Amino acid sequence: MTFASAVSADTASPTAPMHAESPAAPPYAELRERFAPVLAHIAEGAVERDRTRRLPHEEVRALAEAGFTALTVPTSYGGSGADIETFFRLLIDLGEADSNLPQLLRAHFAFVNDFLVGIEEGDPADWFTRIAQGAVFGNASHERSSAVVGDLATTVTATDGEYRLSGEKHYSTGSIFADWINVSARTPDGGRARVTVGSTAAGVDIRDDWDGFGQILTGSGSTLFTDVSVPATHVRVLEGRGDGAPTTQTSFLQLVLLASLAGAGRAALRDGIDFVRSRTRVYSQGSGASAAADPLVQQVVGRLSAKVASAQDAVLAAARALAAAQAAVGTEDHERLTDAAELRTVQAQITAVEDVLSVTTELFEVGGASATSRGRSLDRHWRNARTLSSHNPVIYQERAIGDRLLNGTDLLYFWSTGQERTGGTTQTASR
């Protein structure tokens with residue numbers, strides 16, 4: 001029995017798109033009020049978690065129990081059915097509370113969204129019900145193997161109706177907090193498959209070995225899969241995936257990172273304002289009776305607020321473009337709107353990265369050396385923003401847009417790293 005025939009019953013045809021039930025979905029203001037207590041709780045402990053590197057297991061569970069992780073699950077399955085713009089508004093709110101949280105839930109929300117737009121195949125009823133009941137999904141896709149760009153060393157094999165998964169993944173963000181992990185793997189015939197495994201299944205080893213200086217609480221460590229048994233219903237062949245064809249998936253994934261980034265910018269502005277208001281001493285060179293009354297400090301805060309607003313507006317404009325593209329699935333406008341959403345998202349990435357990195361750096365202009373106190377942990381905003389900004393590097397995105405506008409070159413809808421063989425030599429591609 002070939003691999004393809006072994007799974008054909010589960011992957012014969014894509015599921016029709018299931019758009020979020022916006023008419024029945026609560027508006028943003030109602031949802032924001034509903035989640036205000038859990039967001040406040042998360043924000044309250046953010047400094048302590050960063051200082052002691054306590055992973056937010058409790059906070060992730062609180063979000064799941066409050067229904068935040070089921071935001072976009074249709075109401076018929078017990079979710080909120082939030083539309084795309086509302087979802088990203090709330091994700092920015094979560095990013096302000098702690099920018100680690102939106103990123104570590106990125107794969108989780110992407111899994112739901114893939115079902116909604118028909119990218120993920122099969123019947124979502126069981127998964128949506130589980131998510132509405134609090135199940136959380138993680139990610140295991142990136143590798144540091146010797147495979148060439150676009151290929152994978154992790155394999156899933158079918159033998160006598162049984163499936164076995166083996167391989168090692170890096171940057172498996174969120175998996176340490178998850179109940180389930182979606183794993184990208186190579187089939188024996190060189191194709192790709194998505195494999196869903198339980199995080200506590202035999203042979204799954206999730207490691208807390210992420211050593212980045214920012215976003216240190218996302219659980220972006222490595223995961224080892226050793227001959228893990230997987231039921232047939234949890235293996236889906238990804239026909240035509242990873243070939244660079246236009247998809248809204250890349251825009252959605254990038255916007256989650258940008259929502260985290262915009263949230264970090266808002267948190268930096270908030271903490272900067274609180275810091276200035278708390279200052280009782282002034283400088284001899286100053287121009288006010290207090291730091292808050294000093295025109296120069298006021299100027300800095302005003303400038304930072306404009307950059308934060310710009311970053312957030314860019315993210316939400318891209319979210320609206322994404323919503324239009326996803327609503328057009330199955331129509332003749334889908335490809336055009338998908339391209340427009342991807343372009344707007346990449347443009348938002350370029351401007352938001354610049355704005356938020358500026359905010360998290362200029363934040364320290366509002367005070368002296370006391371602003372660098374470890375007790376305040378204001379540096380976490382720059383560390384987090386810098387780390388978020390390092391994903392899908394801006395330098396490549398800027399060039400891609402320039403090439404598109406000047407030469408009509410298609411945008412790239414496939415992200416991968418690995419080894420590149422050029423002229424008989426092998427070079428490691430940059431992450």
# chains A, B, ... in the order shown; residues from 1 in each chain; ligands from 1

$ residues_around --residues "Asp208 (chain A)" --least-positions-apart "3" --cutoff "9 Å" --atoms "only C-alpha atoms" --output "mmCIF file with N, CA, C and O atoms, in the first residue's frame"
data_model
loop_
_atom_site.group_PDB
_atom_site.id
_atom_site.type_symbol
_atom_site.label_atom_id
_atom_site.label_comp_id
_atom_site.auth_asym_id
_atom_site.auth_seq_id
_atom_site.Cartn_x
_atom_site.Cartn_y
_atom_site.Cartn_z
ATOM 1 N N ILE A 176 5.237 23.714 24.026
ATOM 2 C CA ILE A 176 5.417 23.349 25.424
ATOM 3 C C ILE A 176 4.169 23.650 26.259
ATOM 4 O O ILE A 176 3.980 23.105 27.347
ATOM 5 N N ASP A 211 17.023 30.068 23.327
ATOM 6 C CA ASP A 211 18.031 30.905 23.989
ATOM 7 C C ASP A 211 18.075 32.325 23.456
ATOM 8 O O ASP A 211 19.071 33.030 23.612
ATOM 9 N N GLY A 219 8.231 29.613 24.528
ATOM 10 C CA GLY A 219 8.420 28.175 24.410
ATOM 11 C C GLY A 219 8.905 27.769 23.034
ATOM 12 O O GLY A 219 8.531 26.714 22.515
ATOM 13 N N SER A 220 9.744 28.616 22.432
ATOM 14 C CA SER A 220 10.198 28.373 21.053
ATOM 15 C C SER A 220 11.424 27.465 21.017
ATOM 16 O O SER A 220 12.404 27.745 20.325
ATOM 17 N N GLY A 221 11.376 26.386 21.775
ATOM 18 C CA GLY A 221 12.504 25.470 21.812
ATOM 19 C C GLY A 221 12.386 24.375 20.773
ATOM 20 O O GLY A 221 11.609 24.465 19.822
ATOM 21 N N SER A 222 13.144 23.319 20.962
ATOM 22 C CA SER A 222 13.152 22.214 20.010
ATOM 23 C C SER A 222 12.237 21.093 20.484
ATOM 24 O O SER A 222 11.906 20.992 21.671
ATOM 25 N N THR A 223 11.811 20.258 19.560
ATOM 26 C CA THR A 223 10.973 19.104 19.875
ATOM 27 C C THR A 223 11.496 17.900 19.104
ATOM 28 O O THR A 223 11.736 17.987 17.897
#

$ closest_atom_pairs --of "region 231-313 of chain A" --to "region 153-166 of chain A" --cutoff "10 Å" --atoms "only C-alpha atoms" --output "tab-separated table"
residue	atom	partner	partner_atom	distance
A:Pro231	CA	A:Tyr163	CA	6.5
A:Ala232	CA	A:Tyr163	CA	6.7
A:His234	CA	A:Tyr163	CA	9.4
A:Val235	CA	A:Tyr163	CA	8.2

$ atom_distance --atom1 "CA of Gly190 (chain A)" --atom2 "CA of Phe225 (chain A)"
19.0 Å

$ residues_around --residues "Ser184 (chain A)" --least-positions-apart "4" --cutoff "9 Å" --atoms "only C-alpha atoms" --output "PyMOL selection string"
chain A and resi 139-142+152+154-155+192-196

$ closest_residue --among "A:Ala132, A:Asp294, A:Ile42, A:Val117" --to "Gly330 (chain A)" --atoms "only C-alpha atoms"
A:Val117

$ closest_residue --among "A:Gly134, A:Pro74, A:Pro27, A:Gly118" --to "Leu90 (chain A)" --atoms "only C-alpha atoms"
A:Pro27

$ residues_around --residues "Asp179 (chain A)" --least-positions-apart "4" --cutoff "12 Å" --atoms "only C-alpha atoms" --output "list of chain:residue names"
A:His57, A:Val60, A:Arg61, A:Ala64, A:His108, A:Trp127, A:Arg130, A:Ile131, A:Gln133, A:Gly134, A:Ala135, A:Val136, A:Phe137, A:Gly138, A:Asn139, A:Gly174, A:Ser175, A:Thr196, A:Val197, A:Gly198, A:Ser199, A:Thr200, A:Ala201, A:Val204, A:Ile206

$ atom_distance --atom1 "CA of Ile92 (chain A)" --atom2 "CA of Ala262 (chain A)"
6.2 Å

$ select_by_dssp --residues "region 28-232 of chain A" --states "alpha helix (DSSP H)" --output "PyMOL selection string"
chain A and resi 28-44+46-52+57-66+84-97+100-104+106-116+125-132

$ closest_residue --among "A:Arg374, A:Arg89, A:Arg106, A:Arg404" --to "Leu343 (chain A)" --atoms "only C-alpha atoms"
A:Arg404

$ closest_residue --among "A:Gly214, A:Gly81, A:Gly375, A:Gly191" --to "Asn113 (chain A)" --atoms "only C-alpha atoms"
A:Gly81

$ residues_around --residues "Arg380 (chain A)" --least-positions-apart "6" --cutoff "9 Å" --atoms "only C-alpha atoms" --output "PDB file with N, CA and C atoms, in the first residue's frame"
ATOM      1  N   VAL A  47       6.246  41.631  34.085  1.00  0.00           N
ATOM      2  CA  VAL A  47       7.614  41.982  34.487  1.00  0.00           C
ATOM      3  C   VAL A  47       8.249  40.848  35.275  1.00  0.00           C
ATOM      4  N   ASP A  50       9.198  37.923  33.056  1.00  0.00           N
ATOM      5  CA  ASP A  50      10.379  38.204  32.246  1.00  0.00           C
ATOM      6  C   ASP A  50      11.643  38.155  33.094  1.00  0.00           C
ATOM      7  N   PHE A 213      17.357  36.388  23.237  1.00  0.00           N
ATOM      8  CA  PHE A 213      17.340  37.387  24.315  1.00  0.00           C
ATOM      9  C   PHE A 213      15.983  38.056  24.471  1.00  0.00           C
ATOM     10  N   GLY A 214      15.078  37.851  23.514  1.00  0.00           N
ATOM     11  CA  GLY A 214      13.738  38.413  23.591  1.00  0.00           C
ATOM     12  C   GLY A 214      12.701  37.345  23.353  1.00  0.00           C
ATOM     13  N   GLN A 215      11.428  37.695  23.627  1.00  0.00           N
ATOM     14  CA  GLN A 215      10.338  36.722  23.505  1.00  0.00           C
ATOM     15  C   GLN A 215      10.750  35.418  24.191  1.00  0.00           C
ATOM     16  N   ALA A 268       5.236  49.535  25.689  1.00  0.00           N
ATOM     17  CA  ALA A 268       6.364  50.433  25.923  1.00  0.00           C
ATOM     18  C   ALA A 268       5.868  51.859  26.174  1.00  0.00           C
ATOM     19  N   THR A 360      10.626  51.558  21.203  1.00  0.00           N
ATOM     20  CA  THR A 360      11.229  50.824  22.318  1.00  0.00           C
ATOM     21  C   THR A 360      12.654  51.280  22.614  1.00  0.00           C
TER      22      THR A 360
END

$ select_by_dssp --residues "region 153-197 of chain A" --states "strand (DSSP E or B)" --output "PyMOL selection string"
chain A and resi 155-159+162-169+180-186+192-197

$ closest_atom_pairs --of "region 378-398 of chain A" --to "region 351-357 of chain A" --cutoff "10 Å" --atoms "only C-alpha atoms" --output "tab-separated table"
residue	atom	partner	partner_atom	distance
A:His381	CA	A:Leu357	CA	8.9
A:Trp382	CA	A:Leu357	CA	6.6
A:Arg383	CA	A:Leu357	CA	9.3
A:Asn384	CA	A:Leu357	CA	9.6
A:Ala385	CA	A:Leu357	CA	6.2
A:Arg386	CA	A:Leu357	CA	6.7
A:Leu388	CA	A:Val353	CA	8.6
A:Ser389	CA	A:Val353	CA	5.9
A:Ser390	CA	A:Val353	CA	9.3
A:Val394	CA	A:Val353	CA	8.1

$ write_last_selection --atoms "N, CA and C atoms" --output "CSV table (one decimal), in the first residue's frame"
chain,number,residue,atom,x,y,z
A,381,HIS,N,10.9,45.4,26.4
A,381,HIS,CA,10.1,45.9,25.2
A,381,HIS,C,11.0,45.9,23.9
A,382,TRP,N,12.2,46.4,24.1
A,382,TRP,CA,13.1,46.4,22.9
A,382,TRP,C,13.5,45.0,22.6
A,383,ARG,N,13.9,44.2,23.6
A,383,ARG,CA,14.3,42.8,23.3
A,383,ARG,C,13.2,42.0,22.6
A,384,ASN,N,12.0,42.2,23.1
A,384,ASN,CA,10.9,41.5,22.4
A,384,ASN,C,10.6,42.0,21.0
A,385,ALA,N,10.7,43.3,20.8
A,385,ALA,CA,10.4,43.9,19.5
A,385,ALA,C,11.5,43.5,18.5
A,386,ARG,N,12.7,43.5,19.0
A,386,ARG,CA,13.9,43.2,18.1
A,386,ARG,C,13.8,41.7,17.7
A,388,LEU,N,10.9,39.8,17.6
A,388,LEU,CA,9.8,39.7,16.7
A,388,LEU,C,10.1,40.2,15.3
A,389,SER,N,10.9,41.3,15.2
A,389,SER,CA,11.3,41.9,14.0
A,389,SER,C,12.3,41.1,13.2
A,390,SER,N,12.9,40.1,13.8
A,390,SER,CA,13.9,39.3,13.1
A,390,SER,C,13.3,38.1,12.3
A,394,VAL,N,13.1,41.9,7.3
A,394,VAL,CA,12.6,43.0,6.5
A,394,VAL,C,13.4,43.3,5.3

$ decode --residues "region 194-217 of chain A" --atoms "N, CA, C and O atoms" --output "tab-separated table (two decimals), in the first residue's frame"
chain	number	residue	atom	x	y	z
A	194	ARG	N	0.85	17.12	7.03
A	194	ARG	CA	0.69	17.72	8.36
A	194	ARG	C	0.22	16.60	9.28
A	194	ARG	O	-0.76	15.92	9.01
A	195	VAL	N	0.94	16.45	10.37
A	195	VAL	CA	0.67	15.38	11.31
A	195	VAL	C	0.33	15.99	12.66
A	195	VAL	O	1.08	16.82	13.18
A	196	THR	N	-0.81	15.62	13.24
A	196	THR	CA	-1.21	16.14	14.54
A	196	THR	C	-0.97	15.08	15.60
A	196	THR	O	-1.54	13.97	15.52
A	197	VAL	N	-0.14	15.40	16.57
A	197	VAL	CA	0.19	14.45	17.62
A	197	VAL	C	-0.10	15.06	18.99
A	197	VAL	O	-0.03	16.29	19.17
A	198	GLY	N	-0.41	14.21	19.95
A	198	GLY	CA	-0.60	14.68	21.31
A	198	GLY	C	0.73	15.09	21.91
A	198	GLY	O	1.75	14.42	21.71
A	199	SER	N	0.74	16.18	22.64
A	199	SER	CA	2.02	16.68	23.19
A	199	SER	C	2.61	15.75	24.24
A	199	SER	O	3.81	15.81	24.51
A	200	THR	N	1.79	14.88	24.81
A	200	THR	CA	2.29	13.94	25.82
A	200	THR	C	2.39	12.52	25.29
A	200	THR	O	2.60	11.58	26.06
A	201	ALA	N	2.27	12.33	23.97
A	201	ALA	CA	2.35	11.00	23.38
A	201	ALA	C	3.74	10.41	23.56
A	201	ALA	O	4.75	11.14	23.65
A	202	ALA	N	3.82	9.09	23.60
A	202	ALA	CA	5.10	8.41	23.73
A	202	ALA	C	6.00	8.77	22.56
A	202	ALA	O	5.57	8.73	21.40
A	203	GLY	N	7.23	9.14	22.84
A	203	GLY	CA	8.18	9.50	21.80
A	203	GLY	C	8.26	10.98	21.50
A	203	GLY	O	9.07	11.41	20.69
A	204	VAL	N	7.42	11.81	22.17
A	204	VAL	CA	7.45	13.26	21.99
A	204	VAL	C	8.25	13.88	23.14
A	204	VAL	O	7.91	13.71	24.30
A	205	ASP	N	9.30	14.59	22.80
A	205	ASP	CA	10.17	15.23	23.80
A	205	ASP	C	10.25	16.72	23.50
A	205	ASP	O	10.94	17.14	22.57
A	206	ILE	N	9.52	17.54	24.27
A	206	ILE	CA	9.49	18.99	24.08
A	206	ILE	C	10.53	19.61	25.01
A	206	ILE	O	10.47	19.42	26.22
A	207	ARG	N	11.45	20.38	24.45
A	207	ARG	CA	12.56	20.92	25.21
A	207	ARG	C	12.48	22.44	25.36
A	207	ARG	O	12.23	23.14	24.39
A	208	ASP	N	12.72	22.90	26.56
A	208	ASP	CA	12.72	24.34	26.82
A	208	ASP	C	14.14	24.87	26.61
A	208	ASP	O	14.84	25.20	27.56
A	209	ASP	N	14.57	24.94	25.35
A	209	ASP	CA	15.95	25.33	25.06
A	209	ASP	C	16.05	26.54	24.14
A	209	ASP	O	17.08	26.75	23.49
A	210	TRP	N	15.00	27.34	24.05
A	210	TRP	CA	15.06	28.60	23.29
A	210	TRP	C	16.00	29.55	24.02
A	210	TRP	O	15.83	29.83	25.20
A	211	ASP	N	17.02	30.07	23.33
A	211	ASP	CA	18.03	30.91	23.99
A	211	ASP	C	18.07	32.32	23.46
A	211	ASP	O	19.07	33.03	23.61
A	212	GLY	N	17.00	32.78	22.82
A	212	GLY	CA	16.96	34.15	22.34
A	212	GLY	C	16.89	35.15	23.48
A	212	GLY	O	16.43	34.83	24.58
A	213	PHE	N	17.36	36.39	23.24
A	213	PHE	CA	17.34	37.39	24.31
A	213	PHE	C	15.98	38.06	24.47
A	213	PHE	O	15.75	38.79	25.43
A	214	GLY	N	15.08	37.85	23.51
A	214	GLY	CA	13.74	38.41	23.59
A	214	GLY	C	12.70	37.34	23.35
A	214	GLY	O	13.02	36.22	22.94
A	215	GLN	N	11.43	37.69	23.63
A	215	GLN	CA	10.34	36.72	23.50
A	215	GLN	C	10.75	35.42	24.19
A	215	GLN	O	10.55	34.32	23.66
A	216	ILE	N	11.31	35.54	25.37
A	216	ILE	CA	11.92	34.39	26.04
A	216	ILE	C	10.90	33.43	26.63
A	216	ILE	O	11.27	32.34	27.08
A	217	LEU	N	9.62	33.81	26.60
A	217	LEU	CA	8.60	32.99	27.23
A	217	LEU	C	7.65	32.34	26.23
A	217	LEU	O	6.57	31.87	26.59
